[in-house]
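The structure under discussion appears below in the form of C-alpha cells.
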Amino acid sequence: MSTPTQRDERFMREALVEAERPGWRTHPNPQVGAVLVKNDQVIARGFHEAPGRAHAEVAALRQLHNPRDAEGAEIFVTLEPCHHTGRTGPCTEVLLESGVSRCIIGHVDPDPRVSGKGIAALREAGIECVVGVLEADSKRLNEAYLKRVLFSLPFVTVKVAVSLDGKIATRARHSRWITGKESREEVHRMRDQHDAILVGTKTLLDDNPELTCRLPEGGRNPLRVVLDRKLRAPLSRKAFAEQDKAPTLVFTGRSSLQLAKGRFEGSGVEVLGASELGGVLDLEEILHQLAARGVTTLMCEGGSELIAGLLGRGLVDRFVSFIAPKIIGGSDAPGPVSGLGFETMAEAAQLDIERVDRFGDDVRIVARYRVDNTLR
C-alpha cells in the first residue's frame, strides 16, 4: 500500500480549494474537489456543484480538450469516488474508462453505499489508490455531511445578534435593529448556505421574521422550521407566507398533530409531530427527523429558550454572535440564552473561538461548542 508524500499533499490542497467553491450548497451531498495531474502539472480541475450535477471527478475529466489526456494521469480527489448509482452514475466506472493510473483520496466516504467499495473497485482494476492524504482537512470540510451520515443529525449553528452588554432586545422587547446592515446582509448569506432555519414560537410572535434569503444577487431560501407545541402562532405570520418560494415545516406535539393539520390545511405548510419531554418538544428527535429528510446544516435563530434547549442537549456545533457597539441595559432586557444556566464559572460551557471578523461597526465571533459541557 502506497503512503502519502509531500507531493501528494501539495496537489490534494489544490483539490480542497476546488471542493470549497460551492460552499454548503451541495447538501445533502458532500463537498468534493478533484484535480487531474500529469507530468507534475495540473491538467484539469473540477468540483461537485450541487445535487444532480456532475461529481468532482467527472467535472474534472470534462475539462479535458482531449479525453485521452487522462490516460496514465493521477487524480486527486478529496473524498472516495462513489461506486453506486444515484442521481448520477458511479464515478469508479468513469475513472476506469478514463485510463487514470493512480487515485489519491482525502478520506473514505462513510455512506454505506460507498464505505470503501469505491477504493476496492479501483484497486481490483489495477489503479493504485492512496488513502488519507490531508485526511483531517478533508473531513473538516465535510463535517456537516459526516455528522448527518454517521449520527443522523444535522450540523447545528446558533446565530444571535446582541448588544455590547449581551442583550437581544430592550426591556420592551424592541430589537430592530441591534446590528447594522452589513451584519444583516451577512446573515442572509448564512441563510443561503444552510439547508434549514429553526425558530421557536416566541421568536415568530415577537419578531415576525420571514426567515428567507434576501441577498441583492439572489440566493437559496432554506427550509423554514417552526416549533409550535401549543399552536400559538397565527397563520398571518410571515414565515407561513409564500410557500412556493420558501417552504415551512411546523413541528408540534403528537397530541396536537391532527388539530395542527386541520389548521394549516390548504396553506402549503407541512406539519409533523414530535414527542414531548417535560412539557417541551424533544429537540433531538426533531433533529433526527430533519436529518432523515436530508437536512445537513441547520441554523437556529432563536429564541432564547430554544437555544438553551439545544445547548442543554449538547446538540450545538457552532455559535455565531454578531455584537453591536450598543449598550441597552436593564435587568428586564433579555439575553440570547435563557434557562437555569450554570451555577459556577467552573461549570460554564467552554467554546473555542474559530474566527473573529468585522461587518461595518459590528464584530462577529464564530466559536465551536465543546460537547463535554451542557447547560442544565
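Here, A, B, ... name the chains of the C-alpha cells in the order displayed, residue numbers run from 1 inside each chain, and ligands are numbered from 1 in the same displayed order.
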
Excluding region 118-124 of chain A and any residue of its chain fewer than 2 positions from it, enumerate the residues within 9 Å of it, using only C-alpha atoms, and give them as a PyMOL selection string.
-> chain A and resi 80-84+90-93+95-96+103+105+108-109+114-116+126-129+131

All strand (DSSP E) residues (DSSP, backbone) inside region 76-225 of chain A, as a PyMOL selection string
chain A and resi 76-79+102-107+128-131+155-163+196-200+223-225

- Message: Report as number ranges by chain all protein, DNA and RNA residues lying within 9 Å of region 70-78 of chain A, evaluated on only C-alpha atoms, omitting residues in the same chain fewer than 3 positions from it.
- Response: A: 8, 11-16, 19, 31-39, 43, 56-57, 61, 64, 66-67, 81, 95, 98-107, 133-135, 138-139

Report as a Markdown table the residues of region 122-170 of chain A within 8 Å of region 300-322 of chain A, each with its shortest atom pair and distance in Å (one decimal), using only C-alpha atoms, ordered by chain and increasing residue number.
| residue | atom | partner | partner_atom | distance |
| --- | --- | --- | --- | --- |
| A:Phe155 | CA | A:Asp317 | CA | 6.3 |
| A:Val156 | CA | A:Val316 | CA | 5.1 |
| A:Thr157 | CA | A:Arg318 | CA | 4.7 |
| A:Val158 | CA | A:Cys300 | CA | 4.8 |
| A:Lys159 | CA | A:Val320 | CA | 4.7 |
| A:Val160 | CA | A:Ser321 | CA | 5.0 |
| A:Ala161 | CA | A:Phe322 | CA | 4.6 |
| A:Val162 | CA | A:Phe322 | CA | 6.2 |

Since we have the selection now, will you write its residues out, keeping all heavy atoms, as a compact mmCIF listing (two decimals), in the first residue's frame?
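Result file follows (again.txt):
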# COMPACT_ATOMS: atom_id res chain seq x y z
N PHE A 155 -25.71 19.38 11.25
CA PHE A 155 -24.73 20.26 11.87
C PHE A 155 -25.45 21.54 12.27
O PHE A 155 -26.04 22.21 11.44
CB PHE A 155 -23.61 20.56 10.87
CG PHE A 155 -22.47 21.37 11.41
CD1 PHE A 155 -21.36 20.74 11.97
CD2 PHE A 155 -22.49 22.75 11.36
CE1 PHE A 155 -20.30 21.47 12.47
CE2 PHE A 155 -21.44 23.50 11.86
CZ PHE A 155 -20.33 22.86 12.41
N VAL A 156 -25.44 21.86 13.56
CA VAL A 156 -26.27 22.94 14.09
C VAL A 156 -25.43 24.18 14.42
O VAL A 156 -24.47 24.10 15.19
CB VAL A 156 -27.03 22.48 15.35
CG1 VAL A 156 -27.85 23.63 15.93
CG2 VAL A 156 -27.95 21.30 15.00
N THR A 157 -25.84 25.30 13.84
CA THR A 157 -25.25 26.60 14.15
C THR A 157 -26.29 27.45 14.85
O THR A 157 -27.43 27.54 14.39
CB THR A 157 -24.80 27.32 12.86
OG1 THR A 157 -23.76 26.56 12.23
CG2 THR A 157 -24.28 28.72 13.16
N VAL A 158 -25.92 28.04 15.96
CA VAL A 158 -26.78 29.03 16.63
C VAL A 158 -26.28 30.41 16.25
O VAL A 158 -25.09 30.70 16.36
CB VAL A 158 -26.76 28.85 18.16
CG1 VAL A 158 -27.40 30.05 18.84
CG2 VAL A 158 -27.49 27.57 18.55
N LYS A 159 -27.19 31.27 15.78
CA LYS A 159 -26.83 32.63 15.41
C LYS A 159 -27.59 33.61 16.28
O LYS A 159 -28.80 33.52 16.42
CB LYS A 159 -27.16 32.87 13.92
CG LYS A 159 -26.67 34.20 13.35
CD LYS A 159 -27.58 35.37 13.65
CE LYS A 159 -28.98 35.21 13.08
NZ LYS A 159 -29.85 36.40 13.47
N VAL A 160 -26.87 34.56 16.89
CA VAL A 160 -27.52 35.59 17.70
C VAL A 160 -26.96 36.95 17.31
O VAL A 160 -25.85 37.06 16.80
CB VAL A 160 -27.32 35.35 19.21
CG1 VAL A 160 -27.90 34.02 19.64
CG2 VAL A 160 -25.84 35.44 19.60
N ALA A 161 -27.75 37.99 17.58
CA ALA A 161 -27.31 39.37 17.42
C ALA A 161 -27.51 40.05 18.77
O ALA A 161 -28.63 40.08 19.29
CB ALA A 161 -28.10 40.08 16.33
N VAL A 162 -26.44 40.57 19.34
CA VAL A 162 -26.52 41.13 20.69
C VAL A 162 -25.85 42.49 20.77
O VAL A 162 -25.01 42.85 19.93
CB VAL A 162 -25.85 40.18 21.72
CG1 VAL A 162 -26.55 38.84 21.76
CG2 VAL A 162 -24.37 40.00 21.42

Option closest in space to Trp24 (chain A), from A:Asp165, A:Asp192, A:Glu347, A:Asp352 [counting only C-alpha atoms] |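 For Trp24 (chain A), the nearest of the candidates is A:Asp192.
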
_Residues within 9 Å of region 282-292 of chain A, only C-alpha atoms, excluding chain neighbours under 5 positions, as a list in words_ = Arg148, Val149, Phe151, Ser152, Leu153, Pro154, Ala196, Phe251, Gly273, Ala274, Ser275, Glu276, Leu277, Thr297, Leu298, Leu306, Gly309, Leu310, Arg313 and Leu315 of chain A

Return as JSON lines the residues of region 161-255 of chain A lying at most 12 Å from region 354-358 of chain A, together with the closest atom-to-atom pair for each and the distance in Å to one decimal, counting only C-alpha atoms, with rows in chain order and ascending residue number.
{"residue": "A:Thr179", "atom": "CA", "partner": "A:Arg358", "partner_atom": "CA", "distance": 11.6}
{"residue": "A:Gly180", "atom": "CA", "partner": "A:Arg358", "partner_atom": "CA", "distance": 11.0}
{"residue": "A:Glu182", "atom": "CA", "partner": "A:Arg358", "partner_atom": "CA", "distance": 9.1}
{"residue": "A:Ser183", "atom": "CA", "partner": "A:Arg358", "partner_atom": "CA", "distance": 8.5}
{"residue": "A:Glu186", "atom": "CA", "partner": "A:Arg358", "partner_atom": "CA", "distance": 10.6}

Within 9 Å of region 230-239 of chain A: each region 180-226 of chain A residue with its shortest pair, only C-alpha atoms, as CSV:
residue,atom,partner,partner_atom,distance
A:Thr201,CA,A:Ala233,CA,6.3
A:Lys202,CA,A:Ala233,CA,8.4
A:Leu204,CA,A:Ala233,CA,6.9
A:Leu205,CA,A:Ala233,CA,6.5
A:Asn208,CA,A:Arg237,CA,5.9
A:Pro209,CA,A:Lys238,CA,6.2
A:Glu210,CA,A:Ala239,CA,4.8
A:Leu211,CA,A:Ala239,CA,6.3
A:Thr212,CA,A:Ala239,CA,8.3
A:Arg224,CA,A:Ala239,CA,7.1
A:Val225,CA,A:Ala239,CA,9.0
A:Val226,CA,A:Ala239,CA,8.5

What are the DSSP helix (DSSP H, G or I) residues of region 96-216 of chain A, as a PyMOL selection string? chain A and resi 96-98+117-124+135-141+143-151+181-193+201-207

- request: Please provide the set of residues having any atom within 10 Å of Glu270 (chain A), restricted to only C-alpha atoms, with same-chain residues fewer than 2 positions apart removed, written as a list in words.
  value: Val225, Gln243, Pro247, Thr248, Leu249, Val250, Phe251, Ala260, Lys261, Phe264, Glu265, Gly266, Ser267, Gly268 and Leu272 of chain A

Min atom-atom distance to Met299 (chain A) from the set A:Arg229, A:Arg191, A:Ile328, A:Gly279, counting only C-alpha atoms, belongs to A:Arg191

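With distances restricted to only C-alpha atoms, A:Gly89 is the closest residue to Val58 (chain A) from A:Gly89, A:Pro28, A:Gly200, A:Gly330.
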
As an exercise, work out the distance from CA of Leu223 (chain A) to CA of Ala169 (chain A) in Å and give it to one decimal place.
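Here the two named atoms are 25.8 Å from each other.
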
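Here CA of Gln193 (chain A) stands at a distance of 15.3 Å from CA of Val366 (chain A).
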
- Message: Nearest residue to Val271 (chain A) out of A:Lys245, A:Val295, A:Lys147, A:Leu227, using only C-alpha atoms?
- Response: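 Of A:Lys245, A:Val295, A:Lys147, A:Leu227, the one nearest Val271 (chain A), counting only C-alpha atoms, is A:Leu227.
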